[in-house]
Structures are given as C-alpha cells and as structure tokens.
$ cat work27.tsv   # TSV, C-alpha atoms and all ligand atoms
chain	number	residue	atom	x	y	z
A	251	MET	CA	136.33	105.32	82.86
A	252	LEU	CA	134.61	102.50	81.02
A	253	VAL	CA	131.12	102.29	82.47
A	254	ARG	CA	130.61	98.74	81.25
A	255	THR	CA	133.45	97.55	83.43
A	256	ASN	CA	132.88	99.90	86.36
A	257	PRO	CA	129.22	99.68	87.30
A	258	GLU	CA	130.00	100.33	90.95
A	259	ILE	CA	131.55	103.69	90.07
A	260	VAL	CA	128.48	104.62	88.06
A	261	GLU	CA	126.32	103.91	91.11
A	262	SER	CA	127.95	106.87	92.88
A	263	LEU	CA	127.20	109.33	90.04
A	264	ASP	CA	124.19	111.63	89.92
A	265	ALA	CA	121.65	111.20	87.12
A	266	GLU	CA	123.11	113.77	84.76
A	267	SER	CA	126.63	112.42	85.25
A	268	VAL	CA	125.44	108.90	84.48
A	269	ILE	CA	124.02	110.15	81.20
A	270	VAL	CA	127.10	112.18	80.31
A	271	THR	CA	129.41	109.27	81.12
A	272	VAL	CA	127.43	106.69	79.18
A	273	LEU	CA	127.04	108.95	76.15
A	274	ALA	CA	130.76	109.74	76.13
A	275	GLU	CA	131.39	106.05	75.45
A	276	SER	CA	128.56	105.46	72.99
A	277	GLU	CA	127.76	106.07	69.35
A	278	ALA	CA	124.72	108.36	69.25
A	279	SER	CA	122.98	106.07	66.76
A	280	THR	CA	123.04	103.19	69.24
A	281	VAL	CA	121.09	104.98	72.00
A	282	CYS	CA	117.34	104.82	72.69
A	283	LEU	CA	114.91	105.55	75.51
A	284	THR	CA	111.73	103.68	76.40
A	285	CYS	CA	109.10	106.20	77.41
A	286	SER	CA	105.52	105.95	78.64
A	287	PHE	CA	105.57	109.71	79.33
A	288	GLN	CA	105.36	109.21	83.08
A	289	ALA	CA	107.15	111.76	85.28
A	290	GLU	CA	110.38	109.75	85.49
A	291	ASP	CA	110.53	109.28	81.72
A	292	MET	CA	110.07	113.01	81.22
A	293	ILE	CA	113.08	113.69	83.47
A	294	VAL	CA	115.36	111.26	81.66
A	295	LEU	CA	114.13	112.66	78.35
A	296	ASP	CA	114.75	116.22	79.56
A	297	LEU	CA	118.35	115.32	80.42
A	298	LEU	CA	118.97	113.17	77.38
A	299	ARG	CA	117.53	115.40	74.68
A	300	LYS	CA	119.87	118.24	75.65
A	301	ARG	CA	122.67	116.07	74.33
A	302	LEU	CA	120.80	113.91	71.82
A	303	PRO	CA	117.81	115.89	70.53
A	304	GLN	CA	116.86	113.15	68.07
A	305	VAL	CA	117.22	110.19	70.41
A	306	PRO	CA	114.58	107.58	69.47
A	307	VAL	CA	111.77	107.70	72.04
A	308	LEU	CA	110.19	104.23	72.07
A	309	PHE	CA	106.54	104.32	73.11
A	310	LEU	CA	104.77	100.98	73.52
A	311	GLU	CA	101.58	101.72	71.60
A	312	THR	CA	99.33	99.05	73.08
A	313	GLY	CA	96.13	100.73	71.92
A	314	TYR	CA	94.88	100.70	75.50
A	315	HIS	CA	96.38	103.92	76.90
A	316	PHE	CA	94.29	106.70	78.47
A	317	SER	CA	93.16	109.32	75.97
A	318	GLU	CA	95.01	111.83	78.19
A	319	THR	CA	98.22	109.87	77.65
A	320	TYR	CA	97.86	109.95	73.87
A	321	GLN	CA	97.14	113.69	73.97
A	322	PHE	CA	100.15	114.29	76.22
A	323	ARG	CA	102.43	112.14	74.03
A	324	ASP	CA	101.39	114.08	70.95
A	325	ARG	CA	101.71	117.46	72.64
A	326	MET	CA	105.20	116.74	73.97
A	327	THR	CA	106.29	115.25	70.65
A	328	ALA	CA	105.29	118.48	68.92
A	329	GLU	CA	106.65	120.85	71.59
A	330	TRP	CA	109.98	119.08	71.99
A	331	GLY	CA	110.32	117.92	68.38
A	332	LEU	CA	110.76	114.34	69.57
A	333	ASN	CA	111.82	111.42	67.43
A	334	LEU	CA	108.85	109.35	68.58
A	335	VAL	CA	108.79	105.68	67.62
A	336	ASN	CA	105.48	103.93	68.27
A	337	ALA	CA	106.22	100.26	68.94
A	338	LEU	CA	103.15	98.46	67.59
A	339	PRO	CA	101.83	94.96	68.33
A	340	LYS	CA	101.19	92.62	65.39
A	341	LYS	CA	97.41	92.81	65.89
A	342	THR	CA	95.18	95.81	66.40
A	343	VAL	CA	93.04	95.94	69.55
A	344	GLN	CA	90.01	95.01	67.46
A	345	GLN	CA	91.74	91.98	65.89
A	346	GLN	CA	93.06	90.75	69.23
A	347	GLU	CA	89.73	91.15	71.01
A	348	SER	CA	87.76	89.41	68.27
A	349	GLU	CA	90.25	86.52	68.02
A	350	LEU	CA	91.35	86.09	71.64
A	351	GLY	CA	88.79	87.93	73.76
A	352	ILE	CA	89.46	90.56	76.40
A	353	LEU	CA	92.90	89.39	77.41
A	354	TYR	CA	93.56	92.15	79.90
A	355	ARG	CA	90.79	90.57	82.02
A	356	GLU	CA	91.32	86.89	81.22
A	357	ASP	CA	95.07	86.67	80.74
A	358	PRO	CA	96.90	89.94	81.33
A	359	ALA	CA	100.31	88.24	81.10
A	360	LYS	CA	99.53	87.19	77.53
A	361	CYS	CA	98.11	90.60	76.70
A	362	CYS	CA	101.29	92.30	77.95
A	363	GLN	CA	103.41	89.76	76.08
A	364	LEU	CA	101.65	90.49	72.79
A	365	ARG	CA	101.20	94.23	73.17
A	366	LYS	CA	104.29	95.28	75.12
A	367	VAL	CA	107.04	92.69	75.41
A	368	GLU	CA	107.17	91.46	71.81
A	369	PRO	CA	107.02	94.96	70.28
A	370	LEU	CA	109.70	96.14	72.70
A	371	MET	CA	112.01	93.23	71.93
A	372	ALA	CA	111.79	94.00	68.22
A	373	SER	CA	112.26	97.74	68.80
A	374	LEU	CA	115.39	97.29	70.92
A	375	GLU	CA	117.25	95.13	68.40
A	376	PRO	CA	118.99	98.01	66.55
A	377	PHE	CA	120.34	99.60	69.75
A	378	GLU	CA	123.21	99.09	72.21
A	379	ILE	CA	122.17	101.51	74.97
A	380	TRP	CA	118.67	101.42	76.48
A	381	PHE	CA	117.76	104.32	78.80
A	382	THR	CA	114.81	103.92	81.19
A	383	GLY	CA	113.10	105.97	83.90
A	384	LEU	CA	113.04	103.08	86.38
A	385	ARG	CA	113.55	103.72	90.11
A	386	ARG	CA	114.19	101.22	92.90
A	387	GLU	CA	111.51	102.77	95.07
A	388	GLN	CA	108.76	102.12	92.49
A	389	SER	CA	108.22	98.51	93.43
A	390	PRO	CA	109.64	95.61	95.46
A	391	THR	CA	110.45	94.03	92.09
A	392	ARG	CA	112.83	96.92	91.34
A	393	LYS	CA	114.62	97.22	94.67
A	394	ASN	CA	117.88	95.70	93.35
A	395	LEU	CA	117.98	97.78	90.18
A	396	LYS	CA	121.44	99.12	89.25
A	397	LYS	CA	122.04	102.31	87.30
A	398	ILE	CA	123.68	100.28	84.56
A	399	GLU	CA	123.05	96.62	83.84
A	400	GLN	CA	124.04	94.44	80.92
A	401	HIS	CA	120.95	92.67	79.58
A	402	ARG	CA	120.57	89.85	77.11
A	403	LEU	CA	117.51	89.80	74.88
A	404	PRO	CA	115.89	86.48	73.94
A	405	SER	CA	117.57	86.85	70.52
A	406	GLY	CA	120.97	86.65	72.25
A	407	LYS	CA	121.79	90.31	71.68
A	408	THR	CA	123.14	92.14	74.73
A	409	LEU	CA	122.71	95.80	75.49
A	410	LEU	CA	123.41	98.21	78.32
A	411	LYS	CA	120.27	99.14	80.27
A	412	VAL	CA	120.75	102.53	81.91
A	413	SER	CA	118.45	103.83	84.68
A	414	PRO	CA	119.90	107.18	85.79
A	415	LEU	CA	117.09	107.73	88.34
A	416	ALA	CA	117.51	104.33	90.02
A	417	ASP	CA	118.20	105.86	93.44
A	418	TRP	CA	115.73	108.76	93.20
A	419	THR	CA	112.78	109.15	95.52
A	420	TRP	CA	109.26	110.19	94.55
A	421	VAL	CA	109.94	113.53	96.26
A	422	GLN	CA	113.02	114.10	94.10
A	423	VAL	CA	111.01	113.34	90.95
A	424	TRP	CA	108.54	116.09	91.75
A	425	GLU	CA	111.21	118.52	92.94
A	426	TYR	CA	112.98	118.18	89.60
A	427	THR	CA	109.71	118.39	87.66
A	428	GLY	CA	108.78	121.61	89.48
A	429	LYS	CA	112.24	123.13	89.28
A	430	ARG	CA	112.48	122.53	85.52
A	431	GLY	CA	108.82	123.41	84.93
A	432	LEU	CA	108.28	120.09	83.12
A	433	SER	CA	104.81	119.17	81.94
A	434	TYR	CA	103.33	115.98	83.39
A	435	LEU	CA	100.47	113.60	82.70
A	436	PRO	CA	97.20	115.05	84.06
A	437	GLN	CA	96.28	111.73	85.73
A	438	TYR	CA	98.77	112.47	88.52
A	439	ASP	CA	96.53	115.28	89.73
A	440	GLN	CA	93.71	112.70	90.10
A	441	GLY	CA	95.81	110.53	92.44
A	442	TYR	CA	97.39	108.07	90.02
A	443	ALA	CA	101.00	107.25	90.88
A	444	SER	CA	102.00	104.79	88.14
A	445	ILE	CA	100.28	105.17	84.80
A	446	GLY	CA	100.06	102.52	82.09
A	447	CYS	CA	97.20	101.08	80.04
A	448	GLU	CA	93.82	102.40	81.15
A	449	PRO	CA	92.12	99.03	81.88
A	450	CYS	CA	95.02	97.98	84.12
A	451	THR	CA	95.67	101.22	86.00
A	452	ALA	CA	93.92	102.41	89.15
A	453	ILE	CA	94.66	104.87	91.92
A	454	PRO	CA	96.90	102.88	94.33
A	455	ASP	CA	95.49	101.72	97.69
A	456	ASP	CA	98.95	101.48	99.19
A	457	PRO	CA	100.77	104.81	98.94
A	458	ALA	CA	104.03	103.06	99.85
A	459	ASN	CA	103.71	100.88	96.74
A	460	PRO	CA	102.81	103.13	93.81
A	461	ARG	CA	102.49	100.18	91.43
A	462	SER	CA	99.85	98.52	93.62
A	463	GLY	CA	97.28	100.30	91.43
A	464	ARG	CA	98.40	98.36	88.38
A	465	TRP	CA	96.59	95.14	87.35
A	466	SER	CA	94.37	95.42	90.49
A	467	GLY	CA	97.42	94.48	92.56
A	468	LYS	CA	97.55	91.00	90.91
A	469	LYS	CA	100.97	91.63	89.42
A	470	LEU	CA	103.54	94.38	89.55
A	471	GLU	CA	105.34	94.09	86.22
A	472	CYS	CA	104.08	93.87	82.66
A	473	GLY	CA	107.18	91.98	81.59
A	474	ILE	CA	109.08	94.66	79.69
A	475	HIS	CA	111.59	94.92	82.51
A	476	THR	CA	111.74	91.22	83.28
A	477	PHE	CA	111.88	89.50	79.87
A	478	SER	CA	115.59	90.18	79.37
A	479	GLU	CA	118.23	88.39	81.42
A	480	LYS	CA	120.90	90.25	83.31
A	481	ALA	CA	124.07	89.32	81.50
A	482	GLU	CA	126.55	89.93	84.33
A	501	LIG	S1	98.82	96.65	80.72
A	501	LIG	FE1	96.80	95.67	80.48
A	501	LIG	S2	95.94	96.40	78.52
A	501	LIG	FE2	98.14	96.92	78.59
A	501	LIG	S3	99.12	95.29	77.48
A	501	LIG	FE3	99.18	94.71	79.67
A	501	LIG	S4	97.28	93.54	80.10
A	501	LIG	FE4	97.08	94.53	78.07

$ encode --input "work27.tsv" --output "structure tokens"
Amino acid sequence: MLVRTNPEIVESLDAESVIVTVLAESEASTVCLTCSFQAEDMIVLDLLRKRLPQVPVLFLETGYHFSETYQFRDRMTAEWGLNLVNALPKKTVQQQESELGILYREDPAKCCQLRKVEPLMASLEPFEIWFTGLRREQSPTRKNLKKIEQHRLPSGKTLLKVSPLADWTWVQVWEYTGKRGLSYLPQYDQGYASIGCEPCTAIPDDPANPRSGRWSGKKLECGIHTFSEKAE
C-alpha cells in the first residue's frame, strides 16, 4: 500500500500501524518529528524511537519556554539518548526585545513568525516525512486534520505530514501515558492542558478547548501548523 496515494486507508489504521506503514515506504534519513515534549509528542516519540532511535527530534527553541520544559527536554534527551535538534531563531531573546520590544505582548503573530515558524521552515527543508503529535480534538482549528497530509512549504518543497494520533482523545493520551509509564511535563499536574512558551500559556478556562489557555484566548495557533499549504 502506498500511503501517499491511499490517505483514506491510513485513516482507518491505529497509531502504531500508521507509523509502521509510513516508515516502510520511507528512507530513515528523510524522517523527523517536531516535539515540544507535550504528552502527545512523547507518545509519538515513544512509538517512533522503537524503530528509529536516532530520529531527529526538532524542538523550537524560542527562548521563552518554562524552565520546567527545558529541564524535562534535557532529562528525556539524556534518558532516551535522543537526537535533539534545537531549532533556533536568528535573534536571541535579548536582541529581539531590545530591537523590537516585547513582541509576545504587542504582536504575538510576529513573535511566533520569528521564533517558531521561520526556524521550523528552515529545519524541515532536509526532510520528506514530518511526524507530529497533533490531534483533531485539540482545537477547532484542527478538527479536519488527516493522519497523513501532503504539505507544501513556502520554498515550494513538499513533504508528508503524519499525525498518527489525529483521532485520539485526551483520555486515550493519558491511558497510553499511564500504561507505558511515560514521563510527562510537570505543568500538567498544575492544570495546564496545552503547554508552549511561558508568557503565552495559561491554565485553560474552557476545559472543552484545551488551547483556550494559549495567547489569552486571542488566537489558537502559533503558525507552525498553518504556514504550509496542503498540497492535495
Ligand atoms: S508563543 Fe508567545 S513567546 Fe512563543 S514565539 Fe509565540 S508569541 Fe513568542
């Protein structure tokens, strides 16, 4: 089965089968995972690293993450021997703030563009297969997500975006995490449901919309999952 030509068949597969099927058709060197070390990313990483222990783990190093997130990233990188790739913006936090001010307050779209979208675009260029931990239930903006989608980057390059957990529920995420004994970010125990940069992350008011705690509810996406065009 060629997954690129049979996306509807892939929709019926469970998460592990999606990964097995995609990897069977891919060169290992063309595969990467974007990872903010949230619970979903840890599950995809748990499944993926069994088959590709050195898969590049792309972390968008904005400079604005919680200290707990940096500690967790470093602990998991050491414990799992991860091939961590920190995707860095062109400017440090200090340079950006002195030249452009506090963008996460004044212009969060620009801040995300400079610190997340541009570094991600550059980081994805060498790859053909992009694994994510996205789920449809996470946000109204993700409700039409497919397990595999062809995406075109602004450079014109296309790649296969693979979201094996697209149809998972929040309950399933925590069942798997418990069953496998996976470590998780400590902020979840404080009530956070979607964890990104510290200045733009709060405990959500609306439990039915876990991303409502991001950017004070003013926006739901930072742009890293909306900058590329679906190529189908
Ligand atoms: S999430 Fe906030 S701090 Fe992080 S890059 Fe976007 S605007 Fe900046």

$ atom_distance --input "work27.tsv" --atom1 "atom CA of Tyr438 of chain A" --atom2 "atom CA of Leu384 of chain A"
17.2 Å

$ residues_around --input "work27.tsv" --residues "Met371 of chain A" --least-positions-apart "3" --cutoff "9 Å" --atoms "all atoms listed in the file" --output "NGL selection string"
:A and (366-368 or 374-375 or 403-405 or 474 or 477-478)

$ residues_near_ligand --input "work27.tsv" --ligand "ligand LIG 501 (chain A)" --cutoff "12 Å" --atoms "only C-alpha atoms and all ligand atoms" --output "JSON, numbers by chain"
{"A": [286, 310, 311, 312, 313, 314, 315, 316, 338, 339, 341, 342, 343, 346, 347, 351, 352, 353, 354, 355, 356, 357, 358, 359, 360, 361, 362, 363, 364, 365, 366, 367, 368, 369, 370, 444, 445, 446, 447, 448, 449, 450, 451, 452, 461, 463, 464, 465, 466, 468, 469, 470, 471, 472, 473, 474]}

$ closest_residue --input "work27.tsv" --among "A:Ser276, A:Thr284, A:Ser413, A:Thr408" --to "Glu479 of chain A" --atoms "only C-alpha atoms"
A:Thr408

$ closest_residue --input "work27.tsv" --among "A:Leu273, A:Ile259, A:Leu283, A:Val421" --to "Arg301 of chain A" --atoms "only C-alpha atoms"
A:Leu273

$ axis_aligned_box --input "work27.tsv" --around "segment 364-367 of chain A" --padding-each-side "6 Å" --output "AutoDock Vina command-line options"
--center_x 104.1 --center_y 92.9 --center_z 74.1 --size_x 17.8 --size_y 16.8 --size_z 14.6
